[in-house]
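Trainee: Here's a structure for you.
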Amino acid sequence: MTIARRIALAAPAVMIAAGALPAMAQAPAAAPAGQAPGFYRFKVGGWTITTVHDGFFRRPLEGFVRNAPIAEVQGILAENFMATDTLAVPFTITFAQKDATLVVFDAGNGVTPAAATNGKMIGNMAAAGIDPARVTHVIQSHFHGDHINGLLNAANAAAFPNAEIIVPAAEWAWWTEASNESRSPEGQRPQFANVPRRFAPYQGKIRQVAAGVEVLPGITSIAAYGHTPGHTLYRIADGAEQMIFVADITNRPEFMMRRPEWQIVFDFDGDMAAASRRRVLDMLATDRIRVTGYHFPFPANGYVARHVSGGVQGFIFVPAEWSSAV
Amino acid sequence: MAQRRLLMGTALAAPLLARAAVAQVPAPAAPAMAPGFYRFKLGQFTVTTIYDGFRIMPVQGLVRNAPLEEVQAVLAESFLGPTDYRNIYAVTIVDTGRDLVVFDTGNGPQAPGATLGRLLATMPAAGLDPARVSAVVISHFHGDHINGLITAEGGAAFPNAEVVVPTREWAWWTEAGNETRSPAGQRPNFANTARRFAPYAGKIRQLTDGAEAVPGIRMHAAEGHSPGHTIWHIADGAAELVYLADITHRPELIARRPDYETLFDFDGAAGAATRRRVLDRMAADRVRVTGFHFPFPATGFILREAQGFRFVPADWG
């Protein structure tokens, strides 16, 4: 008698019904818990990089890309299995820790109403074991609200009370000079009031840095102006290992890498932003450098590869693979 | 003026403040990694994927019908290395409200410190109790899919579950006469099958092509990778998901080159033909999928591209 026949004989339908069904009846399916906490870790040499999800903000797609017909934008989104009526813009903050240095790149959306889909960074930092009081440096890419609002806590005090704030000099210069307001795109004028408010608790602890300098040991600024007047990327290196925090060099890469010439509603100078984008993406694809991006799909780290679609030479984002081993 | 004040203040005050604080507070032991689960809704169903871990194996020898350099070039396009192949494992779990269903069981009990066999340890982090699993659905009987049926002590890992298996898969691996007709590398499956299913005697239900395991979950034959390899259609109303099991190994390699045959294949040519047929359907229907060897969280969509297909991960949310 074969095993198959033995088991087939031993497992009649009656026994299954008798054995399994009562257990199912007693134990209704467990009420599922929520999503896993939104943090992810990997190493770059001696740096431990943690990306922390700050949630997302859903906005109408209409009007987001300023220099392409919406049907074309929708076509690319559909190819990427994304919604075509609204755009969910995600936020992910990059942390880098090495020895006693704990750096956060941009500050997130900060405190938001309870029902908001953004502003999840504080809870996810706690889940990742990152105490804001231990952050030694906040390094800003630029001063749009989703990048600086998290400088304040719920009491409007410093969210990172022991941190030095490192800012691109070109960015600081623009948004702290009131006479630039009338020379800025209308949608960006609220930054002039928001910037002093968000940086206020850090008086005396703000350091302006030029482009192309080592702002901290192992961390170098890279100018990528256009999205804002002083939009800046940062290279994080240890020996031969390196990565680049590319900030807003693209919004969601699923469409902005495919079409680097597209300009979005948040761009200060769309032409300059597109030129910076193409130059940086080209460098990233050639050098095969790991990147994190502020609006990349979580866990927001991976690589940039050249890619042709619809006759346009562009790029795609290739997520790095998730691993349980840091 | 404001600018000058700030600049002057920086050099003096900031380093003192920052360093003093750091020196006082020892670094807390941060959790190394978030628990390996991911959750999304499918109609009223809740789907959870769980990372069972990974095993590093050589790229050399993985693909049986293509030169190594060609395989390495395809891997490099996805920024995967040329020598070490990371075999990854992700288990799909569906809560239908009526049933809690686990699709394949991962690698099961391992030595301490192993990088795989994490399903049972991770389920509680996802709020899932193995004792509440009502059905374990097995796509096929390779070890990484059935070893987790048992605990380290040899008992049933899912003590209250019925185990649903494809009839043709069961027939092959439970008939000793088939052993000599199987590829040498797959012959250990005969003993392993008997061992892993042993605690479930009387609770095993065989299923044929097109039949339902539980309401909303239907089997589809996708044979070749193993004699009775299956994929599973999961639907709640208009919301659909297909658990693709081993229709591809890592999609970065095998979806992009569907004609590649791997050393895990029972019948490589049949497996490749099935793969093309299934991936073509997934791409045409734009249906959401999960896969056992897909990069975690192992869910997304299949897109046609020049020489095959590409896996597009679903947005994390």
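For the structure tokens, the naming scheme is as follows: chains receive sequential letters (A, B, ...) according to their order of presentation, residues are indexed from 1 within each chain, and ligands are indexed from 1 in presentation order.
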Within 8 Å of segment 149-153 of chain A, counting only C-alpha atoms, which residues qualify if same-chain residues fewer than 4 places away don't, as a ChimeraX atom specification?

Mentor: /A:107-111,145,157-160,198-199,201

Trainee: Could you write those residues out with N, CA and C atoms, as a PDB file, in the first residue's frame?

Mentor:
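Saved to result-v7.pdb:
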```
ATOM      1  N   ALA A 107      13.368  67.469   8.321  1.00  0.00           N
ATOM      2  CA  ALA A 107      12.712  67.323   9.623  1.00  0.00           C
ATOM      3  C   ALA A 107      11.301  66.772   9.548  1.00  0.00           C
ATOM      4  N   GLY A 108      10.816  66.480   8.341  1.00  0.00           N
ATOM      5  CA  GLY A 108       9.485  65.907   8.225  1.00  0.00           C
ATOM      6  C   GLY A 108       8.391  66.949   8.355  1.00  0.00           C
ATOM      7  N   ASN A 109       7.155  66.465   8.341  1.00  0.00           N
ATOM      8  CA  ASN A 109       5.989  67.351   8.386  1.00  0.00           C
ATOM      9  C   ASN A 109       5.656  67.818   9.790  1.00  0.00           C
ATOM     10  N   GLY A 110       6.285  67.194  10.784  1.00  0.00           N
ATOM     11  CA  GLY A 110       6.055  67.615  12.152  1.00  0.00           C
ATOM     12  C   GLY A 110       4.703  67.189  12.678  1.00  0.00           C
ATOM     13  N   VAL A 111       4.178  67.988  13.594  1.00  0.00           N
ATOM     14  CA  VAL A 111       2.928  67.651  14.269  1.00  0.00           C
ATOM     15  C   VAL A 111       1.760  67.989  13.340  1.00  0.00           C
ATOM     16  N   GLY A 145       7.888  73.436   3.294  1.00  0.00           N
ATOM     17  CA  GLY A 145       7.277  73.114   4.573  1.00  0.00           C
ATOM     18  C   GLY A 145       7.364  71.650   4.974  1.00  0.00           C
ATOM     19  N   ALA A 157       8.266  74.290  20.334  1.00  0.00           N
ATOM     20  CA  ALA A 157       9.667  74.368  20.756  1.00  0.00           C
ATOM     21  C   ALA A 157      10.493  73.477  19.828  1.00  0.00           C
ATOM     22  N   ALA A 158      11.793  73.426  20.090  1.00  0.00           N
ATOM     23  CA  ALA A 158      12.688  72.654  19.231  1.00  0.00           C
ATOM     24  C   ALA A 158      12.383  71.161  19.340  1.00  0.00           C
ATOM     25  N   ALA A 159      12.048  70.532  18.220  1.00  0.00           N
ATOM     26  CA  ALA A 159      11.791  69.087  18.218  1.00  0.00           C
ATOM     27  C   ALA A 159      13.095  68.303  18.410  1.00  0.00           C
ATOM     28  N   PHE A 160      14.216  68.931  18.056  1.00  0.00           N
ATOM     29  CA  PHE A 160      15.530  68.290  18.210  1.00  0.00           C
ATOM     30  C   PHE A 160      16.365  69.200  19.115  1.00  0.00           C
ATOM     31  N   ARG A 198       9.871  78.327  11.940  1.00  0.00           N
ATOM     32  CA  ARG A 198      10.364  76.961  12.177  1.00  0.00           C
ATOM     33  C   ARG A 198      11.783  76.940  12.724  1.00  0.00           C
ATOM     34  N   PHE A 199      12.583  77.925  12.346  1.00  0.00           N
ATOM     35  CA  PHE A 199      13.967  77.935  12.812  1.00  0.00           C
ATOM     36  C   PHE A 199      14.132  78.691  14.143  1.00  0.00           C
ATOM     37  N   PRO A 201      13.415  78.399  17.349  1.00  0.00           N
ATOM     38  CA  PRO A 201      13.974  77.858  18.597  1.00  0.00           C
ATOM     39  C   PRO A 201      15.451  77.462  18.480  1.00  0.00           C
TER      40      PRO A 201
END
```

Trainee: Taking the DSSP assignment computed from this structure's backbone, write out as JSON, numbers by chain all residues of segment 83-285 of chain A that belong to strand (DSSP E).

Mentor: {"A": [86, 87, 88, 89, 90, 91, 92, 93, 94, 95, 96, 97, 98, 101, 102, 103, 104, 105, 137, 138, 139, 164, 165, 166, 167, 168, 206, 207, 208, 209, 214, 215, 216, 219, 220, 221, 222, 223, 232, 233, 234, 235, 236, 237, 238, 241, 242, 243, 244, 245]}

Trainee: Next, dump the selected residues to file, keeping only C-alpha atoms, as a tab-separated table (two decimals), in the first residue's frame.

Mentor:
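Printed below is result-v9.tsv as written:
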```
chain	number	residue	atom	x	y	z
A	86	THR	CA	-5.01	61.65	-7.34
A	87	LEU	CA	-1.35	61.49	-6.44
A	88	ALA	CA	-0.19	60.17	-3.08
A	89	VAL	CA	3.06	61.96	-2.26
A	90	PRO	CA	4.94	59.98	0.39
A	91	PHE	CA	7.52	61.37	2.82
A	92	THR	CA	10.51	59.44	4.13
A	93	ILE	CA	13.21	60.86	6.36
A	94	THR	CA	16.79	59.58	6.25
A	95	PHE	CA	18.80	59.20	9.46
A	96	ALA	CA	22.52	58.42	9.57
A	97	GLN	CA	24.27	57.31	12.76
A	98	LYS	CA	27.95	56.65	13.31
A	101	THR	CA	26.88	61.37	15.55
A	102	LEU	CA	23.19	61.05	14.76
A	103	VAL	CA	22.09	63.06	11.75
A	104	VAL	CA	18.59	63.56	10.40
A	105	PHE	CA	18.22	64.81	6.84
A	137	HIS	CA	22.59	67.42	13.64
A	138	VAL	CA	19.62	68.28	11.45
A	139	ILE	CA	20.81	68.76	7.89
A	164	GLU	CA	22.90	71.80	15.43
A	165	ILE	CA	20.98	72.78	12.29
A	166	ILE	CA	22.98	72.71	9.06
A	167	VAL	CA	21.46	74.61	6.15
A	168	PRO	CA	22.55	75.40	2.59
A	206	ILE	CA	22.26	77.25	12.81
A	207	ARG	CA	25.27	76.72	10.58
A	208	GLN	CA	25.18	77.74	6.92
A	209	VAL	CA	27.21	75.62	4.55
A	214	GLU	CA	32.29	68.46	3.99
A	215	VAL	CA	29.60	69.60	6.39
A	216	LEU	CA	30.40	66.87	8.91
A	219	ILE	CA	29.00	64.10	4.80
A	220	THR	CA	29.40	66.39	1.78
A	221	SER	CA	26.95	68.90	0.29
A	222	ILE	CA	26.10	68.76	-3.44
A	223	ALA	CA	24.35	71.69	-5.10
A	232	THR	CA	21.08	70.60	-1.86
A	233	LEU	CA	21.87	66.87	-1.79
A	234	TYR	CA	24.25	65.15	0.61
A	235	ARG	CA	26.77	62.39	0.05
A	236	ILE	CA	27.29	60.11	3.06
A	237	ALA	CA	30.54	58.19	2.86
A	238	ASP	CA	32.75	55.94	4.92
A	241	GLU	CA	31.17	52.95	0.80
A	242	GLN	CA	28.82	55.77	-0.01
A	243	MET	CA	25.24	56.79	-0.62
A	244	ILE	CA	23.50	60.04	-1.53
A	245	PHE	CA	20.42	61.54	0.00
```

Trainee: Restricting the calculation to only C-alpha atoms: of B:Gly291, B:Pro124, B:Gly202, B:Pro130, which residue gets closest to chain A?

Mentor: B:Gly202

Trainee: Excluding segment 112-125 of chain A and its own-chain neighbours fewer than 6 positions away, which residues fall within 6 Å of it when counting only C-alpha atoms? Please give them as number ranges by chain.

Mentor: A: 37-38, 53-57

Trainee: Name the closest residue to Phe309 of chain B among the candidates B:Val242, B:Val165, B:Ala255, B:Ile88; distances are taken between atoms, counting only C-alpha atoms.

Mentor: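 Once distances to Phe309 of chain B are computed over only C-alpha atoms, the minimum belongs to B:Ala255.
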
Trainee: Just the number, please: distance in Å from atom CA of Thr180 of chain B to atom CA of Gly271 of chain B, one decimal.

Mentor: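 Taking atom CA of Thr180 of chain B as the start and atom CA of Gly271 of chain B as the end point, the length is 20.1 Å.
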
Trainee: Calculate how many Å separate atom CA of Phe37 of chain B from atom CA of Phe296 of chain B, rounding to one decimal.

Mentor: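 That distance, rounded to one decimal, is 8.7 Å.
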